[in-house]
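S.K.: Pasting structure16.pdb below, which is PDB, C-alpha atoms.
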ATOM      1  CA  MET A   1      -5.060 -24.416  -0.477
ATOM      2  CA  THR A   2      -7.143 -23.208   2.461
ATOM      3  CA  LEU A   3     -10.896 -22.845   2.177
ATOM      4  CA  GLY A   4     -12.103 -19.252   2.220
ATOM      5  CA  THR A   5     -12.355 -17.363   5.518
ATOM      6  CA  GLY A   6     -14.423 -14.409   4.311
ATOM      7  CA  THR A   7     -18.193 -13.939   4.530
ATOM      8  CA  PRO A   8     -19.715 -16.748   2.438
ATOM      9  CA  VAL A   9     -21.102 -15.872  -1.000
ATOM     10  CA  LEU A  10     -22.646 -18.455  -3.322
ATOM     11  CA  ALA A  11     -21.085 -19.057  -6.724
ATOM     12  CA  ALA A  12     -23.479 -18.212  -9.567
ATOM     13  CA  GLY A  13     -21.710 -20.202 -12.268
ATOM     14  CA  GLU A  14     -18.358 -21.142 -13.728
ATOM     15  CA  THR A  15     -16.464 -21.328 -16.971
ATOM     16  CA  ALA A  16     -15.291 -24.457 -18.662
ATOM     17  CA  ALA A  17     -11.911 -25.549 -17.315
ATOM     18  CA  VAL A  18      -8.758 -24.468 -19.099
ATOM     19  CA  GLY A  19      -7.236 -27.184 -21.244
ATOM     20  CA  THR A  20      -3.952 -27.505 -19.362
ATOM     21  CA  THR A  21      -4.445 -30.269 -16.781
ATOM     22  CA  ALA A  22      -2.584 -31.081 -13.567
ATOM     23  CA  ARG A  23      -0.603 -27.853 -13.788
ATOM     24  CA  ASP A  24      -0.973 -24.307 -12.432
ATOM     25  CA  ALA A  25      -2.512 -22.792 -15.540
ATOM     26  CA  ALA A  26      -5.620 -20.579 -15.220
ATOM     27  CA  ASP A  27      -4.602 -17.106 -14.079
ATOM     28  CA  ASP A  28      -6.498 -13.910 -14.894
ATOM     29  CA  PRO A  29      -9.926 -13.003 -16.343
ATOM     30  CA  GLU A  30     -11.482  -9.898 -17.896
ATOM     31  CA  ILE A  31     -15.076  -9.038 -18.855
ATOM     32  CA  TRP A  32     -16.610  -7.072 -21.717
ATOM     33  CA  ALA A  33     -20.338  -6.367 -22.161
ATOM     34  CA  ASP A  34     -21.711  -4.528 -25.182
ATOM     35  CA  PRO A  35     -22.889  -1.079 -23.980
ATOM     36  CA  ARG A  36     -25.531  -1.165 -26.741
ATOM     37  CA  ASP A  37     -26.900  -4.503 -25.502
ATOM     38  CA  PRO A  38     -25.406  -5.771 -22.213
ATOM     39  CA  SER A  39     -26.799  -9.257 -22.825
ATOM     40  CA  ARG A  40     -24.006  -9.600 -25.415
ATOM     41  CA  GLY A  41     -20.447  -9.951 -24.222
ATOM     42  CA  VAL A  42     -17.489 -12.160 -23.437
ATOM     43  CA  ILE A  43     -15.246 -13.264 -20.593
ATOM     44  CA  PHE A  44     -11.529 -13.604 -21.275
ATOM     45  CA  GLY A  45      -9.365 -15.999 -19.286
ATOM     46  CA  THR A  46      -5.646 -16.645 -19.564
ATOM     47  CA  ASP A  47      -4.046 -20.074 -19.491
ATOM     48  CA  LYS A  48      -0.452 -19.220 -18.607
ATOM     49  CA  LYS A  49       0.780 -22.453 -20.164
ATOM     50  CA  ALA A  50      -1.128 -22.207 -23.432
ATOM     51  CA  GLY A  51      -3.000 -19.050 -24.442
ATOM     52  CA  LEU A  52      -6.206 -17.030 -24.203
ATOM     53  CA  TYR A  53      -9.732 -18.358 -23.722
ATOM     54  CA  VAL A  54     -12.853 -16.480 -24.779
ATOM     55  CA  TYR A  55     -16.054 -17.532 -23.002
ATOM     56  CA  ASP A  56     -19.608 -16.292 -23.335
ATOM     57  CA  LEU A  57     -21.233 -14.586 -20.349
ATOM     58  CA  ALA A  58     -22.486 -17.965 -19.093
ATOM     59  CA  GLY A  59     -18.945 -19.399 -19.078
ATOM     60  CA  LYS A  60     -19.169 -21.573 -22.193
ATOM     61  CA  ASP A  61     -16.230 -21.770 -24.589
ATOM     62  CA  ARG A  62     -16.437 -19.473 -27.607
ATOM     63  CA  GLN A  63     -12.857 -19.348 -28.818
ATOM     64  CA  PHE A  64      -9.310 -20.304 -27.863
ATOM     65  CA  LEU A  65      -6.187 -18.558 -29.118
ATOM     66  CA  ALA A  66      -3.115 -20.772 -28.712
ATOM     67  CA  GLU A  67      -0.816 -17.847 -28.032
ATOM     68  CA  GLY A  68       1.561 -19.331 -25.469
ATOM     69  CA  PRO A  69       2.234 -18.348 -21.842
ATOM     70  CA  LEU A  70      -0.133 -15.395 -21.237
ATOM     71  CA  ASN A  71      -0.378 -14.274 -17.618
ATOM     72  CA  ASN A  72      -2.695 -11.241 -17.140
ATOM     73  CA  VAL A  73      -5.296  -9.736 -19.481
ATOM     74  CA  ASP A  74      -7.122  -6.396 -19.644
ATOM     75  CA  LEU A  75      -9.059  -4.349 -22.200
ATOM     76  CA  ARG A  76     -10.400  -0.954 -23.174
ATOM     77  CA  ASP A  77     -13.113  -0.283 -25.739
ATOM     78  CA  GLY A  78     -13.444   2.586 -28.196
ATOM     79  CA  PHE A  79     -10.044   1.931 -29.802
ATOM     80  CA  THR A  80     -10.049   2.727 -33.517
ATOM     81  CA  VAL A  81      -8.102   0.612 -35.998
ATOM     82  CA  ASN A  82      -8.353   1.308 -39.729
ATOM     83  CA  GLY A  83     -11.350   3.535 -39.082
ATOM     84  CA  LYS A  84     -13.363   0.933 -37.142
ATOM     85  CA  ALA A  85     -14.069   1.026 -33.406
ATOM     86  CA  GLN A  86     -12.695  -2.077 -31.724
ATOM     87  CA  VAL A  87     -12.156  -3.368 -28.205
ATOM     88  CA  LEU A  88      -8.408  -3.439 -27.566
ATOM     89  CA  VAL A  89      -7.346  -6.465 -25.523
ATOM     90  CA  GLY A  90      -3.828  -6.838 -24.128
ATOM     91  CA  ALA A  91      -2.068  -9.621 -22.248
ATOM     92  CA  SER A  92       1.320 -10.081 -20.625
ATOM     93  CA  ASP A  93       3.327 -12.709 -22.496
ATOM     94  CA  ARG A  94       5.943 -14.193 -20.169
ATOM     95  CA  ARG A  95       8.382 -14.489 -23.082
ATOM     96  CA  GLY A  96       8.870 -10.697 -23.055
ATOM     97  CA  THR A  97       6.053  -9.001 -24.963
ATOM     98  CA  ILE A  98       2.615  -7.451 -24.705
ATOM     99  CA  ALA A  99       0.280  -9.508 -26.878
ATOM    100  CA  PHE A 100      -2.520  -7.403 -28.377
ATOM    101  CA  TYR A 101      -5.865  -8.593 -29.728
ATOM    102  CA  LEU A 102      -8.920  -6.947 -31.246
ATOM    103  CA  LEU A 103     -12.456  -7.844 -30.214
ATOM    104  CA  ASP A 104     -14.990  -6.943 -32.899
ATOM    105  CA  PRO A 105     -17.984  -5.545 -30.966
ATOM    106  CA  ASP A 106     -20.358  -6.626 -33.731
ATOM    107  CA  SER A 107     -19.312 -10.251 -34.246
ATOM    108  CA  LEU A 108     -17.577 -10.821 -30.856
ATOM    109  CA  ALA A 109     -14.732 -12.446 -32.794
ATOM    110  CA  VAL A 110     -11.241 -12.009 -31.329
ATOM    111  CA  THR A 111      -8.190 -11.790 -33.594
ATOM    112  CA  PRO A 112      -4.479 -11.378 -32.805
ATOM    113  CA  TRP A 113      -3.295  -7.859 -33.621
ATOM    114  CA  GLY A 114       0.426  -7.973 -32.845
ATOM    115  CA  ARG A 115       3.099  -8.099 -30.160
ATOM    116  CA  THR A 116       5.408  -5.438 -28.784
ATOM    117  CA  PRO A 117       8.580  -6.249 -26.811
ATOM    118  CA  VAL A 118       8.879  -4.826 -23.289
ATOM    119  CA  LYS A 119      11.874  -4.695 -20.966
ATOM    120  CA  VAL A 120      10.829  -5.944 -17.540
ATOM    121  CA  SER A 121      12.162  -8.824 -15.436
ATOM    122  CA  GLU A 122       9.422 -11.209 -16.622
ATOM    123  CA  PRO A 123       6.008  -9.987 -17.818
ATOM    124  CA  TYR A 124       3.598 -10.841 -15.014
ATOM    125  CA  GLY A 125       0.936  -8.279 -14.173
ATOM    126  CA  PHE A 126      -0.799  -6.228 -16.857
ATOM    127  CA  CYS A 127      -3.520  -3.597 -16.887
ATOM    128  CA  MET A 128      -4.829  -0.862 -19.176
ATOM    129  CA  GLY A 129      -6.352   2.601 -18.789
ATOM    130  CA  ARG A 130      -7.448   5.733 -20.602
ATOM    131  CA  VAL A 131      -6.171   9.278 -20.164
ATOM    132  CA  GLY A 132      -8.193  11.578 -22.403
ATOM    133  CA  ASP A 133      -7.820  10.153 -25.900
ATOM    134  CA  GLU A 134      -4.755   8.092 -24.991
ATOM    135  CA  THR A 135      -4.793   4.386 -24.165
ATOM    136  CA  VAL A 136      -2.337   3.386 -21.446
ATOM    137  CA  ALA A 137      -0.760  -0.018 -20.767
ATOM    138  CA  VAL A 138       1.055  -0.963 -17.560
ATOM    139  CA  MET A 139       3.323  -4.000 -17.324
ATOM    140  CA  VAL A 140       4.396  -5.326 -13.917
ATOM    141  CA  GLY A 141       7.511  -7.500 -13.955
ATOM    142  CA  LYS A 142       7.801 -10.489 -11.648
ATOM    143  CA  ASP A 143      10.523  -8.722  -9.623
ATOM    144  CA  GLY A 144       8.316  -5.667  -9.050
ATOM    145  CA  ASP A 145       9.701  -3.508 -11.862
ATOM    146  CA  VAL A 146       6.908  -1.561 -13.594
ATOM    147  CA  ALA A 147       6.810  -0.014 -17.072
ATOM    148  CA  GLN A 148       4.027   2.290 -18.300
ATOM    149  CA  PHE A 149       3.286   2.915 -21.982
ATOM    150  CA  THR A 150       0.917   4.659 -24.317
ATOM    151  CA  VAL A 151      -0.584   2.448 -27.030
ATOM    152  CA  SER A 152      -1.451   3.606 -30.528
ATOM    153  CA  ASP A 153      -2.326   2.268 -33.960
ATOM    154  CA  GLN A 154       0.447   2.799 -36.484
ATOM    155  CA  SER A 155      -0.540   1.739 -39.989
ATOM    156  CA  GLY A 156      -2.789  -1.002 -38.651
ATOM    157  CA  LYS A 157      -0.304  -2.380 -36.113
ATOM    158  CA  PRO A 158       0.170  -1.752 -32.372
ATOM    159  CA  ALA A 159       2.899   0.609 -31.207
ATOM    160  CA  VAL A 160       3.859   1.445 -27.618
ATOM    161  CA  ARG A 161       5.834   4.356 -26.184
ATOM    162  CA  LEU A 162       7.456   4.075 -22.752
ATOM    163  CA  THR A 163       6.400   6.952 -20.476
ATOM    164  CA  ARG A 164       7.872   5.881 -17.112
ATOM    165  CA  SER A 165       9.481   3.065 -15.155
ATOM    166  CA  PHE A 166       9.605   2.515 -11.392
ATOM    167  CA  ALA A 167      10.193  -0.242  -8.835
ATOM    168  CA  VAL A 168       7.607  -1.613  -6.396
ATOM    169  CA  GLY A 169      10.210  -3.394  -4.248
ATOM    170  CA  SER A 170       9.585  -7.136  -4.498
ATOM    171  CA  GLN A 171       7.500  -9.668  -6.419
ATOM    172  CA  ALA A 172       4.310  -8.075  -7.729
ATOM    173  CA  GLU A 173       1.593  -8.916 -10.217
ATOM    174  CA  GLY A 174      -1.932  -7.551  -9.922
ATOM    175  CA  CYS A 175      -2.678  -4.031 -11.114
ATOM    176  CA  VAL A 176      -5.693  -1.965 -12.138
ATOM    177  CA  VAL A 177      -6.220   1.561 -13.459
ATOM    178  CA  ASP A 178      -8.989   3.857 -12.254
ATOM    179  CA  ASP A 179      -9.483   5.969 -15.382
ATOM    180  CA  ALA A 180     -11.840   8.439 -13.715
ATOM    181  CA  ALA A 181      -9.499   9.157 -10.794
ATOM    182  CA  GLY A 182      -6.220   8.901 -12.711
ATOM    183  CA  VAL A 183      -4.967   6.285 -10.245
ATOM    184  CA  LEU A 184      -2.954   3.071 -10.630
ATOM    185  CA  TYR A 185      -3.150   0.334  -7.978
ATOM    186  CA  VAL A 186      -0.392  -2.326  -7.825
ATOM    187  CA  ALA A 187      -0.341  -5.443  -5.616
ATOM    188  CA  GLU A 188       3.024  -6.294  -4.070
ATOM    189  CA  GLU A 189       2.425  -9.920  -3.179
ATOM    190  CA  ALA A 190       4.029  -9.973   0.274
ATOM    191  CA  LYS A 191       3.413  -6.352   1.322
ATOM    192  CA  GLY A 192      -0.008  -5.255   0.109
ATOM    193  CA  ILE A 193      -1.544  -2.723  -2.263
ATOM    194  CA  TRP A 194       0.114   0.503  -3.409
ATOM    195  CA  ARG A 195      -1.646   3.485  -4.953
ATOM    196  CA  TYR A 196       0.140   5.594  -7.586
ATOM    197  CA  SER A 197      -0.881   8.501  -9.747
ATOM    198  CA  LEU A 198      -1.281   7.491 -13.385
ATOM    199  CA  ASP A 199       0.573  10.675 -14.389
ATOM    200  CA  PRO A 200       4.074   9.667 -15.568
ATOM    201  CA  ALA A 201       5.454  12.894 -14.088
ATOM    202  CA  SER A 202       4.717  11.531 -10.597
ATOM    203  CA  GLY A 203       7.475   8.938 -11.010
ATOM    204  CA  GLY A 204       7.381   6.325  -8.269
ATOM    205  CA  ALA A 205       5.586   8.418  -5.617
ATOM    206  CA  ARG A 206       2.999   6.264  -3.874
ATOM    207  CA  THR A 207       0.717   5.609  -0.905
ATOM    208  CA  HIS A 208       0.488   2.295   0.959
ATOM    209  CA  PHE A 209      -3.221   1.729   0.411
ATOM    210  CA  ALA A 210      -3.565  -1.603   2.240
ATOM    211  CA  PRO A 211      -0.671  -3.383   3.989
ATOM    212  CA  ALA A 212      -0.087  -7.131   4.165
ATOM    213  CA  PRO A 213      -0.025  -9.384   6.028
ATOM    214  CA  SER A 214      -3.026  -8.094   7.946
ATOM    215  CA  ASP A 215      -6.502  -9.130   9.008
ATOM    216  CA  ILE A 216      -7.677  -8.013   5.558
ATOM    217  CA  LEU A 217      -4.966  -9.353   3.242
ATOM    218  CA  LYS A 218      -3.089 -12.644   3.631
ATOM    219  CA  PRO A 219      -0.156 -12.988   1.205
ATOM    220  CA  ASP A 220       0.070 -13.549  -1.575
ATOM    221  CA  VAL A 221      -1.909 -10.447  -2.535
ATOM    222  CA  GLU A 222      -2.852 -11.205  -6.126
ATOM    223  CA  GLY A 223      -5.502  -9.830  -8.505
ATOM    224  CA  LEU A 224      -6.996  -6.338  -8.401
ATOM    225  CA  THR A 225     -10.110  -5.031 -10.134
ATOM    226  CA  LEU A 226     -12.575  -2.125 -10.013
ATOM    227  CA  LEU A 227     -16.357  -2.173 -10.145
ATOM    228  CA  ARG A 228     -18.534   0.889 -10.717
ATOM    229  CA  ASP A 229     -22.062   0.743  -9.340
ATOM    230  CA  ALA A 230     -24.491   3.674  -9.557
ATOM    231  CA  GLY A 231     -21.799   6.340  -9.240
ATOM    232  CA  LYS A 232     -19.778   4.437  -6.633
ATOM    233  CA  THR A 233     -16.420   2.761  -7.298
ATOM    234  CA  TYR A 234     -15.204  -0.341  -5.482
ATOM    235  CA  LEU A 235     -11.726  -1.875  -5.435
ATOM    236  CA  LEU A 236     -11.570  -5.665  -5.034
ATOM    237  CA  ALA A 237      -8.411  -7.624  -4.216
ATOM    238  CA  SER A 238      -7.555 -11.344  -4.060
ATOM    239  CA  SER A 239      -6.233 -12.460  -0.679
ATOM    240  CA  GLN A 240      -4.730 -15.718  -1.897
ATOM    241  CA  GLY A 241      -3.394 -16.848   1.467
ATOM    242  CA  ASP A 242      -6.880 -17.411   2.872
ATOM    243  CA  SER A 243      -8.940 -17.668  -0.336
ATOM    244  CA  ALA A 244     -10.850 -14.443   0.267
ATOM    245  CA  PHE A 245     -11.599 -11.160  -1.490
ATOM    246  CA  ALA A 246     -11.363  -7.723   0.111
ATOM    247  CA  VAL A 247     -13.581  -4.820  -0.941
ATOM    248  CA  TRP A 248     -13.116  -1.050  -0.507
ATOM    249  CA  ARG A 249     -15.120   1.895  -1.748
ATOM    250  CA  VAL A 250     -12.595   4.244  -3.393
ATOM    251  CA  ASP A 251     -14.458   7.078  -5.144
ATOM    252  CA  GLY A 252     -14.502  10.747  -4.136
ATOM    253  CA  GLY A 253     -10.863  10.867  -3.069
ATOM    254  CA  GLU A 254     -11.564   8.742   0.017
ATOM    255  CA  SER A 255     -11.430   5.020   0.756
ATOM    256  CA  ALA A 256     -13.616   2.947   3.036
ATOM    257  CA  TYR A 257     -13.169  -0.733   3.776
ATOM    258  CA  ALA A 258     -16.384  -2.676   3.098
ATOM    259  CA  GLY A 259     -15.466  -6.224   4.122
ATOM    260  CA  ARG A 260     -14.239  -9.592   2.870
ATOM    261  CA  PHE A 261     -16.030 -12.448   1.145
ATOM    262  CA  SER A 262     -15.251 -15.986   0.000
ATOM    263  CA  ILE A 263     -16.991 -18.043  -2.664
ATOM    264  CA  VAL A 264     -18.630 -21.241  -1.444
ATOM    265  CA  PRO A 265     -20.228 -24.157  -3.338
ATOM    266  CA  SER A 266     -23.647 -23.683  -4.913
ATOM    267  CA  ASN A 267     -25.757 -25.592  -7.442
ATOM    268  CA  GLY A 268     -22.964 -27.950  -8.447
ATOM    269  CA  VAL A 269     -20.270 -25.255  -8.576
ATOM    270  CA  ASP A 270     -17.353 -25.905  -6.216
ATOM    271  CA  ALA A 271     -15.726 -23.408  -3.845
ATOM    272  CA  VAL A 272     -12.921 -21.030  -4.791
ATOM    273  CA  THR A 273      -9.506 -21.700  -3.246
ATOM    274  CA  GLY A 274      -6.055 -20.219  -3.781
ATOM    275  CA  THR A 275      -7.487 -17.523  -5.973
ATOM    276  CA  ASP A 276      -5.258 -15.498  -8.300
ATOM    277  CA  GLY A 277      -6.701 -13.070 -10.859
ATOM    278  CA  LEU A 278     -10.145 -11.498 -10.788
ATOM    279  CA  ALA A 279     -12.255  -9.102 -12.843
ATOM    280  CA  ALA A 280     -15.462  -7.167 -12.256
ATOM    281  CA  LEU A 281     -17.908  -5.141 -14.330
ATOM    282  CA  GLY A 282     -20.756  -3.131 -12.852
ATOM    283  CA  GLY A 283     -24.171  -2.507 -14.359
ATOM    284  CA  PRO A 284     -26.121  -5.014 -16.470
ATOM    285  CA  VAL A 285     -23.896  -7.885 -17.657
ATOM    286  CA  GLY A 286     -25.760 -10.797 -19.216
ATOM    287  CA  VAL A 287     -28.165 -12.165 -16.600
ATOM    288  CA  PHE A 288     -26.537 -10.128 -13.816
ATOM    289  CA  PRO A 289     -28.504  -6.865 -13.547
ATOM    290  CA  GLU A 290     -26.095  -4.966 -11.270
ATOM    291  CA  GLY A 291     -22.717  -6.472 -12.105
ATOM    292  CA  LEU A 292     -20.586  -9.574 -12.534
ATOM    293  CA  ILE A 293     -17.390 -10.691 -10.765
ATOM    294  CA  VAL A 294     -15.188 -13.401 -12.283
ATOM    295  CA  VAL A 295     -12.384 -15.023 -10.250
ATOM    296  CA  GLN A 296      -9.745 -17.682 -10.846
ATOM    297  CA  ASP A 297     -10.124 -20.970  -8.955
ATOM    298  CA  ASP A 298      -7.013 -23.076  -8.491
ATOM    299  CA  ALA A 299      -8.931 -26.365  -8.097
ATOM    300  CA  ASP A 300     -12.073 -26.955 -10.143
ATOM    301  CA  THR A 301     -12.836 -30.093  -8.144
ATOM    302  CA  ASP A 302     -14.534 -31.345  -5.023
ATOM    303  CA  GLY A 303     -12.256 -31.920  -2.029
ATOM    304  CA  GLU A 304     -10.475 -28.612  -2.545
ATOM    305  CA  THR A 305      -7.768 -29.132   0.063
ATOM    306  CA  THR A 306      -6.993 -32.825  -0.476
ATOM    307  CA  GLY A 307      -6.993 -33.832  -4.143
ATOM    308  CA  PRO A 308      -4.566 -32.807  -6.891
ATOM    309  CA  ARG A 309      -5.284 -29.610  -8.814
ATOM    310  CA  ALA A 310      -6.270 -31.522 -11.934
ATOM    311  CA  ARG A 311      -8.391 -28.708 -13.373
ATOM    312  CA  GLN A 312      -8.553 -24.928 -13.003
ATOM    313  CA  ASN A 313     -11.192 -22.504 -14.181
ATOM    314  CA  PHE A 314     -12.984 -19.231 -13.392
ATOM    315  CA  LYS A 315     -16.020 -18.789 -11.147
ATOM    316  CA  LEU A 316     -18.868 -16.306 -11.756
ATOM    317  CA  VAL A 317     -20.331 -14.287  -8.865
ATOM    318  CA  ASP A 318     -23.364 -11.989  -8.817
ATOM    319  CA  TRP A 319     -22.385  -8.560  -7.443
ATOM    320  CA  ARG A 320     -25.794  -8.384  -5.724
ATOM    321  CA  ALA A 321     -24.829 -11.425  -3.647
ATOM    322  CA  VAL A 322     -21.621  -9.724  -2.497
ATOM    323  CA  LYS A 323     -23.471  -6.518  -1.618
ATOM    324  CA  SER A 324     -26.045  -8.462   0.354
ATOM    325  CA  ALA A 325     -23.414 -10.482   2.227
ATOM    326  CA  LEU A 326     -21.343  -7.413   3.155
ATOM    327  CA  GLY A 327     -24.243  -5.022   3.746
ATOM    328  CA  ILE A 328     -23.168  -2.669   0.931
ATOM    329  CA  ARG A 329     -25.845  -0.143  -0.001
TER     330      ARG A 329
END
Can I see the file as structure tokens?
M.R.:
Amino acid sequence: MTLGTGTPVLAAGETAAVGTTARDAADDPEIWADPRDPSRGVIFGTDKKAGLYVYDLAGKDRQFLAEGPLNNVDLRDGFTVNGKAQVLVGASDRRGTIAFYLLDPDSLAVTPWGRTPVKVSEPYGFCMGRVGDETVAVMVGKDGDVAQFTVSDQSGKPAVRLTRSFAVGSQAEGCVVDDAAGVLYVAEEAKGIWRYSLDPASGGARTHFAPAPSDILKPDVEGLTLLRDAGKTYLLASSQGDSAFAVWRVDGGESAYAGRFSIVPSNGVDAVTGTDGLAALGGPVGVFPEGLIVVQDDADTDGETTGPRARQNFKLVDWRAVKSALGIR
């Protein structure tokens, strides 16, 4: 894969490599930091050949759940099960289900909660949101067919209710929900980013937020994530074709392009190439005082463009470094 063409940003760290070697395996991360103590938290990372990794905020292994071919992962906290507040974690299982997990905010232990079948072409992209007291799950099929659900606890087990279905048009994966704005973003790999209302009554109505191919996005357009920083909201997207990440400010009903960055080697951490999924969390997260970005790297090795992709993992990036590189204030 090509080396990144965006403004250089140093990697701040990395996770341990996923256990599946010499195969395309690492895919999508997610981040949770305890709002009571942001030094406590975890990073999730899917291995789409094997299961779900749980890392600490420094990237060290905490737990592995051998749950099979999980593609994308997302979470929402404040979900009550049997009277206890939990963090609800969901992942797209390529065998045809949403796999749900519960993260105990006190112990940081993750346990499987259950699976619910979904009817899409092949579960690929997955994201979650909140609308009032309701938790929302969105599944993006490989062929660009999208299904939106509400998620609830029924007698201690997950239950989903389909609220709408629509078609993006061609292969799609990345998605993210802006809870505050009631907006769903979906990445169509060859054509760019679409913006939808999260309201099921809106059907498939949409706006072409960022087209591809373009100077900003080089197909495939992959992961999407949001970062909130001091009242501002930023959308980040993986431009896999040139190993870069695009950033827009998207709060207040307007959008403003802020630039592109790529992750370069630093302190023994290799560059990021061929990136797929990414996640971001603003505010204090572990040792990152203003926010953390985690991205998939398709080759956790030196000689990114020549050697085999023997290992894959996730790289950690300080949001302050991105802001400095792109002149975001």
S.K.: Compare A:Leu292, A:Trp194, A:Arg164, A:Asp297 by their minimum atom-to-atom distance to Ala17 in chain A, counting only C-alpha atoms, and give me the closest one.
M.R.: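 That would be A:Asp297, the residue with the smallest distance to Ala17 in chain A.
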S.K.: Between A:Leu103, A:Ile98, A:Ala25, A:Leu217, which is the closest to Ala85 in chain A once you count all atoms listed in the file?
M.R.: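 Smallest distance to Ala85 in chain A is found for A:Leu103.
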S.K.: Carefully work through the PyMOL selection byres ((chain A and resi 205) around 10) for this structure and note down the residues it includes, as JSON, numbers by chain.
M.R.: {"A": [166, 194, 195, 196, 197, 201, 202, 203, 204, 206, 207]}
S.K.: So which one's closest to Gly291 in chain A, A:Val176, A:Lys191, A:Ala279, A:Ala271? Using only C-alpha atoms, please.
M.R.: A:Ala279
S.K.: Mind listing whatever residues come within 12 Å of the point (-7.0, 8.6, -12.9)? Use all atoms listed in the file, file coordinates, and give them as a CSV table (one decimal) with C-alpha atoms, in the coordinates of the input.
M.R.:
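Wrote it out as selection_14.csv, contents follow:
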chain,number,residue,atom,x,y,z
A,128,MET,CA,-4.8,-0.9,-19.2
A,129,GLY,CA,-6.4,2.6,-18.8
A,130,ARG,CA,-7.4,5.7,-20.6
A,131,VAL,CA,-6.2,9.3,-20.2
A,132,GLY,CA,-8.2,11.6,-22.4
A,136,VAL,CA,-2.3,3.4,-21.4
A,176,VAL,CA,-5.7,-2.0,-12.1
A,177,VAL,CA,-6.2,1.6,-13.5
A,178,ASP,CA,-9.0,3.9,-12.3
A,179,ASP,CA,-9.5,6.0,-15.4
A,180,ALA,CA,-11.8,8.4,-13.7
A,181,ALA,CA,-9.5,9.2,-10.8
A,182,GLY,CA,-6.2,8.9,-12.7
A,183,VAL,CA,-5.0,6.3,-10.2
A,184,LEU,CA,-3.0,3.1,-10.6
A,185,TYR,CA,-3.2,0.3,-8.0
A,195,ARG,CA,-1.6,3.5,-5.0
A,196,TYR,CA,0.1,5.6,-7.6
A,197,SER,CA,-0.9,8.5,-9.7
A,198,LEU,CA,-1.3,7.5,-13.4
A,199,ASP,CA,0.6,10.7,-14.4
A,200,PRO,CA,4.1,9.7,-15.6
A,250,VAL,CA,-12.6,4.2,-3.4
A,251,ASP,CA,-14.5,7.1,-5.1
A,252,GLY,CA,-14.5,10.7,-4.1
A,253,GLY,CA,-10.9,10.9,-3.1
S.K.: Do you know which residues are at most 7 Å from Val317 in chain A counting all atoms listed in the file, after dropping those on the same chain fewer than 6 positions away, and could you put them as a list in words?
M.R.: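 After dropping sequence-adjacent residues, the list is Ala11, Ala12, Gly13, Leu292, Ile293 and Val294 of chain A.
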S.K.: Convert the current residue selection to file output with C-alpha atoms, as a compact mmCIF listing (two decimals), in the frame of the given file.
M.R.:
# COMPACT_ATOMS: atom_id res chain seq x y z
CA ALA A 11 -21.08 -19.06 -6.72
CA ALA A 12 -23.48 -18.21 -9.57
CA GLY A 13 -21.71 -20.20 -12.27
CA LEU A 292 -20.59 -9.57 -12.53
CA ILE A 293 -17.39 -10.69 -10.76
CA VAL A 294 -15.19 -13.40 -12.28
S.K.: Report the distance between CA of Leu102 in chain A and CA of Leu88 in chain A in Å, rounded to one decimal place.
M.R.: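 Pair CA of Leu102 in chain A / CA of Leu88 in chain A returns 5.1 Å.
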S.K.: Under the rule that only C-alpha atoms are counted, which of A:Glu122, A:Asp242, A:Asp270, A:Glu67 is the nearest residue to Thr2 in chain A?
M.R.: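 When distances to Thr2 in chain A are compared using only C-alpha atoms, the smallest one comes from A:Asp242.
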S.K.: Would you kindly translate the PyMOL selection byres ((chain A and resi 24) around 12) into the concrete residues it picks from this file, as a PDB file with C-alpha atoms, in the frame of the given file?
M.R.:
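The resulting file, part_4.pdb, is reproduced below:
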ATOM      1  CA  VAL A  18      -8.758 -24.468 -19.099  1.00  0.00           C
ATOM      2  CA  GLY A  19      -7.236 -27.184 -21.244  1.00  0.00           C
ATOM      3  CA  THR A  20      -3.952 -27.505 -19.362  1.00  0.00           C
ATOM      4  CA  THR A  21      -4.445 -30.269 -16.781  1.00  0.00           C
ATOM      5  CA  ALA A  22      -2.584 -31.081 -13.567  1.00  0.00           C
ATOM      6  CA  ARG A  23      -0.603 -27.853 -13.788  1.00  0.00           C
ATOM      7  CA  ALA A  25      -2.512 -22.792 -15.540  1.00  0.00           C
ATOM      8  CA  ALA A  26      -5.620 -20.579 -15.220  1.00  0.00           C
ATOM      9  CA  ASP A  27      -4.602 -17.106 -14.079  1.00  0.00           C
ATOM     10  CA  THR A  46      -5.646 -16.645 -19.564  1.00  0.00           C
ATOM     11  CA  ASP A  47      -4.046 -20.074 -19.491  1.00  0.00           C
ATOM     12  CA  LYS A  48      -0.452 -19.220 -18.607  1.00  0.00           C
ATOM     13  CA  LYS A  49       0.780 -22.453 -20.164  1.00  0.00           C
ATOM     14  CA  ALA A  50      -1.128 -22.207 -23.432  1.00  0.00           C
ATOM     15  CA  PRO A  69       2.234 -18.348 -21.842  1.00  0.00           C
ATOM     16  CA  ASN A  71      -0.378 -14.274 -17.618  1.00  0.00           C
ATOM     17  CA  GLY A 274      -6.055 -20.219  -3.781  1.00  0.00           C
ATOM     18  CA  THR A 275      -7.487 -17.523  -5.973  1.00  0.00           C
ATOM     19  CA  ASP A 276      -5.258 -15.498  -8.300  1.00  0.00           C
ATOM     20  CA  GLN A 296      -9.745 -17.682 -10.846  1.00  0.00           C
ATOM     21  CA  ASP A 297     -10.124 -20.970  -8.955  1.00  0.00           C
ATOM     22  CA  ASP A 298      -7.013 -23.076  -8.491  1.00  0.00           C
ATOM     23  CA  ALA A 299      -8.931 -26.365  -8.097  1.00  0.00           C
ATOM     24  CA  ASP A 300     -12.073 -26.955 -10.143  1.00  0.00           C
ATOM     25  CA  PRO A 308      -4.566 -32.807  -6.891  1.00  0.00           C
ATOM     26  CA  ARG A 309      -5.284 -29.610  -8.814  1.00  0.00           C
ATOM     27  CA  ALA A 310      -6.270 -31.522 -11.934  1.00  0.00           C
ATOM     28  CA  ARG A 311      -8.391 -28.708 -13.373  1.00  0.00           C
ATOM     29  CA  GLN A 312      -8.553 -24.928 -13.003  1.00  0.00           C
ATOM     30  CA  ASN A 313     -11.192 -22.504 -14.181  1.00  0.00           C
TER      31      ASN A 313
END
